[in-house]
$ cat model_13.cif   # mmCIF, C-alpha atoms
data_final
#
loop_
_atom_site.group_PDB
_atom_site.id
_atom_site.type_symbol
_atom_site.label_atom_id
_atom_site.label_comp_id
_atom_site.auth_asym_id
_atom_site.auth_seq_id
_atom_site.Cartn_x
_atom_site.Cartn_y
_atom_site.Cartn_z
ATOM 1 C CA MET M 1 207.288 -90.784 -33.747
ATOM 2 C CA ARG M 2 204.364 -90.650 -36.062
ATOM 3 C CA LEU M 3 203.420 -87.400 -37.869
ATOM 4 C CA PRO M 4 199.787 -86.500 -38.502
ATOM 5 C CA LYS M 5 198.359 -87.225 -41.890
ATOM 6 C CA PRO M 6 199.114 -84.553 -44.532
ATOM 7 C CA TRP M 7 195.448 -83.596 -44.945
ATOM 8 C CA VAL M 8 195.273 -82.812 -41.194
ATOM 9 C CA LEU M 9 198.212 -80.426 -41.540
ATOM 10 C CA VAL M 10 196.614 -78.769 -44.577
ATOM 11 C CA LEU M 11 193.285 -78.445 -42.792
ATOM 12 C CA LEU M 12 194.936 -76.989 -39.704
ATOM 13 C CA GLY M 13 196.926 -74.585 -41.902
ATOM 14 C CA LEU M 14 193.783 -73.457 -43.702
ATOM 15 C CA LEU M 15 191.963 -72.963 -40.379
ATOM 16 C CA LEU M 16 194.805 -70.818 -39.056
ATOM 17 C CA ASN M 17 194.701 -68.709 -42.231
ATOM 18 C CA ILE M 18 190.930 -68.319 -41.901
ATOM 19 C CA VAL M 19 191.301 -67.234 -38.262
ATOM 20 C CA ALA M 20 193.978 -64.733 -39.322
ATOM 21 C CA MET M 21 191.649 -63.379 -42.012
ATOM 22 C CA LEU M 22 188.789 -63.062 -39.512
ATOM 23 C CA ILE M 23 191.024 -61.184 -37.082
ATOM 24 C CA SER M 24 192.093 -58.832 -39.863
ATOM 25 C CA SER M 25 188.637 -58.264 -41.262
ATOM 26 C CA THR M 26 186.708 -57.858 -38.031
ATOM 27 C CA LYS M 27 188.723 -56.893 -34.984
ATOM 28 C CA ILE M 28 191.318 -54.758 -36.748
ATOM 29 C CA GLU M 29 188.652 -53.005 -38.829
ATOM 30 C CA GLN M 30 186.647 -52.350 -35.667
ATOM 31 C CA LEU M 31 189.680 -50.864 -33.920
ATOM 32 C CA ASP M 32 190.587 -48.793 -36.996
ATOM 33 C CA SER M 33 187.089 -47.303 -37.114
ATOM 34 C CA ALA M 34 187.319 -46.472 -33.397
ATOM 35 C CA ILE M 35 190.671 -44.761 -34.021
ATOM 36 C CA SER M 36 189.130 -42.851 -36.912
ATOM 37 C CA ALA M 37 186.250 -41.667 -34.709
ATOM 38 C CA LEU M 38 188.709 -40.524 -32.034
ATOM 39 C CA ASN M 39 190.775 -38.677 -34.647
ATOM 40 C CA ASP M 40 187.593 -36.944 -35.849
ATOM 41 C CA ILE M 41 186.943 -35.745 -32.293
ATOM 42 C CA ASN M 42 190.543 -34.489 -32.127
ATOM 43 C CA ASP M 43 190.013 -32.583 -35.380
ATOM 44 C CA GLU M 44 186.839 -31.021 -33.971
ATOM 45 C CA ASN M 45 188.703 -30.065 -30.796
ATOM 46 C CA SER M 46 191.512 -28.481 -32.819
ATOM 47 C CA TYR M 47 188.976 -26.446 -34.767
ATOM 48 C CA ALA M 48 187.230 -25.423 -31.534
ATOM 49 C CA ILE M 49 190.559 -24.359 -30.042
ATOM 50 C CA GLN M 50 191.286 -22.247 -33.130
ATOM 51 C CA ARG M 51 187.849 -20.621 -32.891
ATOM 52 C CA ALA M 52 188.286 -19.919 -29.178
ATOM 53 C CA TRP M 53 191.727 -18.367 -29.725
ATOM 54 C CA SER M 54 190.265 -16.275 -32.500
ATOM 55 C CA SER M 55 187.557 -15.086 -30.102
ATOM 56 C CA VAL M 56 190.141 -14.249 -27.426
ATOM 57 C CA ASP M 57 192.130 -12.302 -30.002
ATOM 58 C CA THR M 58 189.034 -10.503 -31.294
ATOM 59 C CA LEU M 59 188.014 -9.565 -27.763
ATOM 60 C CA GLU M 60 191.504 -8.220 -27.125
ATOM 61 C CA ARG M 61 191.256 -6.050 -30.234
ATOM 62 C CA LYS M 62 187.825 -4.823 -29.176
ATOM 63 C CA LYS M 63 189.222 -3.991 -25.759
ATOM 64 C CA GLU M 64 192.037 -2.020 -27.401
ATOM 65 C CA ASN M 65 189.472 -0.172 -29.528
ATOM 66 C CA LEU M 66 187.512 0.675 -26.410
ATOM 67 C CA VAL M 67 190.672 2.074 -24.826
ATOM 68 C CA LEU M 68 191.237 4.140 -27.980
ATOM 69 C CA TYR M 69 187.664 5.453 -27.923
ATOM 70 C CA MET M 70 187.996 6.402 -24.285
ATOM 71 C CA SER M 71 191.351 8.106 -24.787
ATOM 72 C CA THR M 72 190.250 10.111 -27.835
ATOM 73 C CA MET M 73 186.846 11.065 -26.465
ATOM 74 C CA PRO M 74 186.927 11.984 -22.790
ATOM 75 C CA THR M 75 183.127 12.100 -22.777
ATOM 76 C CA LEU M 76 181.207 9.719 -24.972
ATOM 77 C CA ASN M 77 178.216 10.972 -26.876
ATOM 78 C CA GLN M 78 175.143 8.740 -27.009
ATOM 79 C CA GLN M 79 175.635 7.721 -30.648
ATOM 80 C CA THR M 80 179.260 6.612 -30.182
ATOM 81 C CA ALA M 81 178.450 4.819 -26.930
ATOM 82 C CA SER M 82 175.566 2.987 -28.591
ATOM 83 C CA LEU M 83 177.729 2.008 -31.563
ATOM 84 C CA VAL M 84 180.559 0.711 -29.380
ATOM 85 C CA SER M 85 178.082 -1.155 -27.152
ATOM 86 C CA SER M 86 176.451 -2.822 -30.141
ATOM 87 C CA GLN M 87 179.879 -3.937 -31.404
ATOM 88 C CA LEU M 88 180.920 -5.417 -28.066
ATOM 89 C CA SER M 89 177.665 -6.890 -26.754
ATOM 90 C CA PRO M 90 177.485 -9.997 -29.005
ATOM 91 C CA TRP M 91 180.946 -11.063 -27.818
ATOM 92 C CA LEU M 92 180.167 -10.837 -24.118
ATOM 93 C CA ILE M 93 178.350 -13.271 -21.853
ATOM 94 C CA GLU M 94 176.529 -10.603 -19.855
ATOM 95 C CA PRO M 95 177.161 -7.185 -21.372
ATOM 96 C CA PRO M 96 176.712 -4.231 -19.040
ATOM 97 C CA GLU M 97 174.263 -1.459 -19.781
ATOM 98 C CA THR M 98 174.991 0.990 -22.551
ATOM 99 C CA LEU M 99 178.556 2.200 -22.452
ATOM 100 C CA SER M 100 179.222 5.357 -20.522
ATOM 101 C CA ASN M 101 182.199 6.984 -18.843
ATOM 102 C CA SER M 102 180.990 5.743 -15.466
ATOM 103 C CA ASN M 103 180.734 2.060 -16.372
ATOM 104 C CA VAL M 104 183.745 1.590 -18.655
ATOM 105 C CA GLN M 105 185.438 -0.608 -16.061
ATOM 106 C CA LEU M 106 182.396 -2.914 -16.112
ATOM 107 C CA TRP M 107 182.903 -3.319 -19.862
ATOM 108 C CA PHE M 108 186.594 -4.120 -19.371
ATOM 109 C CA ASP M 109 185.662 -6.679 -16.711
ATOM 110 C CA ALA M 110 183.048 -8.236 -19.008
ATOM 111 C CA ILE M 111 185.622 -8.522 -21.805
ATOM 112 C CA ASP M 112 188.131 -10.083 -19.397
ATOM 113 C CA HIS M 113 185.461 -12.521 -18.205
ATOM 114 C CA ALA M 114 184.613 -13.540 -21.785
ATOM 115 C CA GLN M 115 188.297 -14.041 -22.603
ATOM 116 C CA SER M 116 188.720 -16.117 -19.463
ATOM 117 C CA ARG M 117 185.777 -18.301 -20.448
ATOM 118 C CA HIS M 118 187.300 -18.886 -23.902
ATOM 119 C CA ARG M 119 190.673 -19.736 -22.346
ATOM 120 C CA ASN M 120 188.973 -22.234 -20.028
ATOM 121 C CA ASP M 121 187.270 -23.781 -23.057
ATOM 122 C CA ILE M 122 190.670 -24.049 -24.754
ATOM 123 C CA ASP M 123 192.072 -25.785 -21.677
ATOM 124 C CA GLN M 124 189.184 -28.263 -21.650
ATOM 125 C CA TYR M 125 189.529 -29.026 -25.358
ATOM 126 C CA TYR M 126 193.269 -29.459 -24.962
ATOM 127 C CA LEU M 127 192.903 -31.849 -22.010
ATOM 128 C CA GLN M 128 190.289 -33.831 -23.909
ATOM 129 C CA THR M 129 192.654 -33.993 -26.889
ATOM 130 C CA LEU M 130 195.437 -35.344 -24.656
ATOM 131 C CA GLU M 131 193.105 -38.020 -23.279
ATOM 132 C CA ILE M 132 191.998 -38.962 -26.775
ATOM 133 C CA ASN M 133 195.611 -39.153 -27.951
ATOM 134 C CA GLU M 134 196.301 -41.631 -25.132
ATOM 135 C CA GLN M 135 193.293 -43.692 -26.217
ATOM 136 C CA VAL M 136 194.444 -43.615 -29.847
ATOM 137 C CA THR M 137 197.916 -44.775 -28.806
ATOM 138 C CA GLN M 138 196.427 -47.664 -26.842
ATOM 139 C CA GLN M 139 194.160 -48.575 -29.757
ATOM 140 C CA GLN M 140 197.128 -48.506 -32.135
ATOM 141 C CA ILE M 141 199.106 -50.801 -29.824
ATOM 142 C CA THR M 142 196.160 -53.191 -29.769
ATOM 143 C CA VAL M 143 195.872 -53.048 -33.580
ATOM 144 C CA SER M 144 199.589 -53.759 -33.881
ATOM 145 C CA TRP M 145 199.254 -56.734 -31.544
ATOM 146 C CA PHE M 146 196.335 -58.173 -33.529
ATOM 147 C CA LYS M 147 198.237 -57.664 -36.785
ATOM 148 C CA GLN M 148 201.217 -59.536 -35.364
ATOM 149 C CA ILE M 149 198.997 -62.388 -34.189
ATOM 150 C CA ALA M 150 197.270 -62.545 -37.589
ATOM 151 C CA LEU M 151 200.620 -62.555 -39.386
ATOM 152 C CA PHE M 152 201.914 -65.312 -37.123
ATOM 153 C CA LEU M 153 198.795 -67.397 -37.766
ATOM 154 C CA GLN M 154 199.140 -66.879 -41.518
ATOM 155 C CA VAL M 155 202.802 -67.840 -41.579
ATOM 156 C CA PHE M 156 202.289 -70.836 -39.305
ATOM 157 C CA GLY M 157 199.266 -71.915 -41.360
ATOM 158 C CA LEU M 158 201.287 -71.668 -44.573
ATOM 159 C CA ALA M 159 204.098 -73.637 -42.948
ATOM 160 C CA LEU M 160 201.642 -76.400 -42.074
ATOM 161 C CA ILE M 161 200.292 -76.415 -45.639
ATOM 162 C CA LEU M 162 203.852 -76.618 -46.995
ATOM 163 C CA ALA M 163 204.623 -79.385 -44.506
ATOM 164 C CA ARG M 164 202.306 -81.604 -46.525
ATOM 165 C CA ASP M 165 204.615 -81.247 -49.499
ATOM 166 C CA LEU M 166 207.676 -81.850 -47.347
ATOM 167 C CA SER M 167 206.168 -84.997 -45.837
ATOM 168 C CA LYS M 168 206.124 -86.701 -49.253
#
$ encode --input "model_13.cif" --output "structure tokens"
Amino acid sequence: MRLPKPWVLVLLGLLLNIVAMLISSTKIEQLDSAISALNDINDENSYAIQRAWSSVDTLERKKENLVLYMSTMPTLNQQTASLVSSQLSPWLIEPPETLSNSNVQLWFDAIDHAQSRHRNDIDQYYLQTLEINEQVTQQQITVSWFKQIALFLQVFGLALILARDLSK
């Protein structure tokens, strides 16, 4: 059995090393940047979830304050009602008219609705984060596969280059 000429083995070894380098420098870098972009979206989602929970908590405290106002003042004067309304209105989607004893339940319902909206947002961000985590895992598996292929090509290429020395 006749072996190929040593220069053919060296050339083939060098080509395999070049292919391994191209895989590492292009495909793996591309996948790493995609993973980085997905991780950035996850970070944004985490921040949005924190903000939404903070809003839910703030609305709960405002609701408690409203209960306190109503329990300490059986009848609201115009100034207090206006002050409480101005504190609550920016946090609500559709704030009711100025606070009064007759429409307090509308204010409670509006607060509950705003909290529900924030909780739904949290759910959406969380589901999106789970989907992104699955994508990141798949991307990492693909990166690992390409790294293994590149390593195999490098080792095999080096073995072919060393085979030249062994053929002498």
$ closest_atom_pairs --input "model_13.cif" --of "stretch 68-163 of chain M" --to "stretch 56-59 of chain M" --cutoff "12 Å" --atoms "only C-alpha atoms" --output "tab-separated table"
residue	atom	partner	partner_atom	distance
M:Gln87	CA	M:Leu59	CA	10.5
M:Leu88	CA	M:Leu59	CA	8.2
M:Ser89	CA	M:Leu59	CA	10.7
M:Pro90	CA	M:Leu59	CA	10.6
M:Trp91	CA	M:Leu59	CA	7.2
M:Leu92	CA	M:Leu59	CA	8.7
M:Ile93	CA	M:Leu59	CA	11.9
M:Trp107	CA	M:Leu59	CA	11.3
M:Phe108	CA	M:Leu59	CA	10.1
M:Asp109	CA	M:Leu59	CA	11.7
M:Ala110	CA	M:Leu59	CA	10.2
M:Ile111	CA	M:Leu59	CA	6.5
M:Asp112	CA	M:Leu59	CA	8.4
M:His113	CA	M:Leu59	CA	10.3
M:Ala114	CA	M:Val56	CA	7.9
M:Gln115	CA	M:Val56	CA	5.2
M:Ser116	CA	M:Val56	CA	8.3
M:Arg117	CA	M:Val56	CA	9.2
M:His118	CA	M:Val56	CA	6.5
M:Arg119	CA	M:Val56	CA	7.5
M:Asn120	CA	M:Val56	CA	10.9
M:Asp121	CA	M:Val56	CA	10.9
M:Ile122	CA	M:Val56	CA	10.2
$ resolve_selection --input "model_13.cif" --expression "the PyMOL selection byres ((chain M and resi 37-51) around 7)" --output "list in words"
Ser33, Ala34, Ile35, Ser36, Ala52, Trp53, Ser54, Ser55, Ile122, Tyr125, Thr129, Ile132 and Val136 of chain M
$ resolve_selection --input "model_13.cif" --expression "the PyMOL selection byres ((chain M and resi 98) around 8)" --output "number ranges by chain"
M: 81-82, 85, 96-97, 99-100
$ closest_residue --input "model_13.cif" --among "M:Val143, M:Leu160, M:Leu151, M:Leu130" --to "M:Lys27" --atoms "only C-alpha atoms"
M:Val143
$ atom_distance --input "model_13.cif" --atom1 "atom CA of M:Ile141" --atom2 "atom CA of M:Ile28"
11.1 Å
$ atom_distance --input "model_13.cif" --atom1 "atom CA of M:Gly157" --atom2 "atom CA of M:Leu12"
6.9 Å
$ residues_around --input "model_13.cif" --residues "M:Phe146" --least-positions-apart "6" --cutoff "10 Å" --atoms "only C-alpha atoms" --output "JSON, numbers by chain"
{"M": [20, 23, 24, 27, 28, 31, 140, 152]}
$ atom_distance --input "model_13.cif" --atom1 "atom CA of M:Ile161" --atom2 "atom CA of M:Pro6"
8.3 Å
$ axis_aligned_box --input "model_13.cif" --around "stretch 15-31 of chain M" --padding-each-side "3 Å" --output "lines of an AutoDock Vina configuration file"
center_x = 190.7
center_y = -61.9
center_z = -38.1
size_x = 14.2
size_y = 28.1
size_z = 14.3
$ residues_around --input "model_13.cif" --residues "M:Leu15" --least-positions-apart "4" --cutoff "12 Å" --atoms "only C-alpha atoms" --output "PyMOL selection string"
chain M and resi 8-11+19-22+153-154+156-158+160-161
